Structures are given as structure tokens and as C-alpha cells.
Amino acid sequence: MPDTFKALERAPAESRHDLAAVLEAIRFNADGLIPAIAQQHDSGEVLMMAWMNREALEETLGTGRVCYWSRSRDKLWRKGESSGQQQHLMSAALDCDGDTLLLRVDQTGPACHSGRRSCFYVALEKDTARITSAPLIDPDTLYGAP
């Protein structure tokens, strides 16, 4: 664990620390990425998980519009650039190890490419996998027919 996060363990509530130093201490993986969990700020609903590199995180903090790193496209991905279903940052927090982000967002419409509000709609139960929600918008409407 970086010394920065070890020091933050004992930091008093409401103390302030240099953002650049904290960003430098983040434990990005070997690909330079960190998992980012997006949660609806007012309901607590977990919407999705995606990846961020430092550039995406800095853009998100600077603009207030959530930006991720698309591993499939190998480029920055501004949530909603294709679908119009944007995420606006309400707050961002690192976990105690500096290796996972929690983004509290205001999501417009569905967060999932399937047209559902949340990407977490496949409930795993004892004997079955159950779909817990219907799409809010047909994916073909969001992204155009394949």
C-alpha cells in the first residue's frame, strides 16, 4: 500500500490533502486502469462498473461529466457520447487501498447498453439466473439497429 494511503488512514475527518499527491499514489493495475463503480447519488442504486485511467479520472474531476477508458475501443469514453445517457459527477471517492473508485453520479436514463437502468440485472439464485428488470429504452433506439 502506498505511504500516502497509509498516512490517510490516520487523517482526521475533514482534513484536506494535496490532490496531485493522492492521484499519484493511486494503485492503477498493470494496464494503467482502476475499477470505477458508478452509483446513483440519491437512491444508492449501483448502476455499473467500468475502468478509468488517470486521464479519464482527471477529466471527470475537471469537467463533472463522467469519462471512462474503453478497453474494447482503446480510447477515452465519455459516458453517453453515443446514447445521450450521460453521467454527471456528484462526488468521487477512493477506497482505503487506493485501488477502487466510487463515483456517485446523476444518471440520465439507462446506464446499461442493454437499455436498463443498471448493468446489474442478472440475479444469481440457488438454481437459476433471473432477469430483474426490463429495458427502459430499446438498445436499438439508443445506439441504432445493428
# chains A, B, ... in the order shown; residues from 1 in each chain; ligands from 1

call {"tool": "closest_atom_pairs", "arguments": {"of": "region 33-75 of chain A", "to": "region 120-132 of chain A", "cutoff": "10 Å", "atoms": "only C-alpha atoms", "output": "Markdown table"}}
result
| residue | atom | partner | partner_atom | distance |
| --- | --- | --- | --- | --- |
| A:Glu45 | CA | A:Phe120 | CA | 9.8 |
| A:Val46 | CA | A:Phe120 | CA | 7.6 |
| A:Leu47 | CA | A:Phe120 | CA | 7.0 |
| A:Met48 | CA | A:Phe120 | CA | 7.0 |
| A:Met49 | CA | A:Phe120 | CA | 9.3 |

call {"tool": "select_by_dssp", "arguments": {"residues": "chain A", "states": "alpha helix (DSSP H)", "output": "ChimeraX atom specification"}}
result
/A:3-9,19-25,54-63,139-143

call {"tool": "closest_atom_pairs", "arguments": {"of": "region 84-115 of chain A", "to": "region 1-14 of chain A", "cutoff": "8 Å", "atoms": "only C-alpha atoms", "output": "Markdown table"}}
result
| residue | atom | partner | partner_atom | distance |
| --- | --- | --- | --- | --- |
| A:Cys96 | CA | A:Phe5 | CA | 6.6 |
| A:Asp97 | CA | A:Met1 | CA | 6.3 |
| A:Gly98 | CA | A:Phe5 | CA | 6.7 |

call {"tool": "write_last_selection", "arguments": {"atoms": "all heavy atoms", "output": "PDB file, in the first residue's frame"}}
result
ATOM      1  N   CYS A  96      -9.859   2.630   0.694  1.00  0.00           N
ATOM      2  CA  CYS A  96      -8.732   2.801   1.609  1.00  0.00           C
ATOM      3  C   CYS A  96      -7.398   2.353   1.030  1.00  0.00           C
ATOM      4  O   CYS A  96      -6.344   2.825   1.467  1.00  0.00           O
ATOM      5  CB  CYS A  96      -9.003   2.070   2.917  1.00  0.00           C
ATOM      6  SG  CYS A  96      -9.310   0.295   2.699  1.00  0.00           S
ATOM      7  N   ASP A  97      -7.412   1.460   0.046  1.00  0.00           N
ATOM      8  CA  ASP A  97      -6.171   0.986  -0.578  1.00  0.00           C
ATOM      9  C   ASP A  97      -5.771   1.802  -1.795  1.00  0.00           C
ATOM     10  O   ASP A  97      -4.709   1.582  -2.365  1.00  0.00           O
ATOM     11  CB  ASP A  97      -6.325  -0.477  -1.028  1.00  0.00           C
ATOM     12  CG  ASP A  97      -6.550  -1.416   0.126  1.00  0.00           C
ATOM     13  OD1 ASP A  97      -5.939  -1.215   1.190  1.00  0.00           O
ATOM     14  OD2 ASP A  97      -7.345  -2.359  -0.035  1.00  0.00           O
ATOM     15  N   GLY A  98      -6.662   2.668  -2.255  1.00  0.00           N
ATOM     16  CA  GLY A  98      -6.378   3.465  -3.432  1.00  0.00           C
ATOM     17  C   GLY A  98      -6.407   2.664  -4.713  1.00  0.00           C
ATOM     18  O   GLY A  98      -5.727   3.002  -5.678  1.00  0.00           O
TER      19      GLY A  98
END

call {"tool": "atom_distance", "arguments": {"atom1": "CA of Ala93 (chain A)", "atom2": "CA of Trp69 (chain A)"}}
result
17.7 Å

call {"tool": "closest_residue", "arguments": {"among": "A:Arg16, A:Lys79, A:His41, A:Arg65", "to": "His113 (chain A)", "atoms": "only C-alpha atoms"}}
result
A:Lys79

call {"tool": "residues_around", "arguments": {"residues": "Trp51 (chain A)", "least_positions_apart": "6", "cutoff": "12 Å", "atoms": "only C-alpha atoms", "output": "ChimeraX atom specification"}}
result
/A:28-29,31-38,57,66-72,74-79,99-103

call {"tool": "write_last_selection", "arguments": {"atoms": "C-alpha atoms", "output": "compact mmCIF listing (two decimals), in the first residue's frame"}}
result
# COMPACT_ATOMS: atom_id res chain seq x y z
CA PHE A 28 -3.61 1.56 -11.13
CA ASN A 29 -3.30 -2.00 -12.46
CA ASP A 31 -2.72 -1.65 -17.78
CA GLY A 32 -2.87 1.72 -16.01
CA LEU A 33 -6.53 1.25 -15.06
CA ILE A 34 -8.62 1.36 -11.89
CA PRO A 35 -12.16 -0.04 -11.47
CA ALA A 36 -14.80 2.67 -11.07
CA ILE A 37 -18.20 1.82 -9.63
CA ALA A 38 -20.99 4.23 -10.59
CA LEU A 57 -10.25 10.43 -13.84
CA VAL A 66 -18.00 11.09 -16.22
CA CYS A 67 -15.37 9.76 -18.60
CA TYR A 68 -14.09 6.18 -18.64
CA TRP A 69 -11.43 4.24 -20.51
CA SER A 70 -12.89 1.87 -23.08
CA ARG A 71 -10.77 -1.26 -23.21
CA SER A 72 -12.56 -2.52 -26.33
CA ASP A 74 -8.73 1.56 -26.59
CA LYS A 75 -9.70 5.20 -26.03
CA LEU A 76 -11.46 7.57 -23.66
CA TRP A 77 -15.21 7.03 -23.49
CA ARG A 78 -17.41 9.84 -22.28
CA LYS A 79 -20.49 8.15 -20.86
CA ASP A 99 -7.29 0.78 -5.95
CA THR A 100 -11.05 1.26 -6.49
CA LEU A 101 -13.17 4.34 -7.18
CA LEU A 102 -16.75 5.00 -6.15
CA LEU A 103 -18.45 7.59 -8.32

call {"tool": "closest_residue", "arguments": {"among": "A:Ala50, A:Leu61, A:Val105, A:Ala25", "to": "Gln85 (chain A)", "atoms": "only C-alpha atoms"}}
result
A:Val105

call {"tool": "select_by_dssp", "arguments": {"residues": "chain A", "states": "strand (DSSP E or B)", "output": "VMD selection string"}}
result
chain A and resid 34 to 40 46 to 52 65 67 to 70 75 to 78 87 to 94 101 to 107 122 to 124 129 to 131
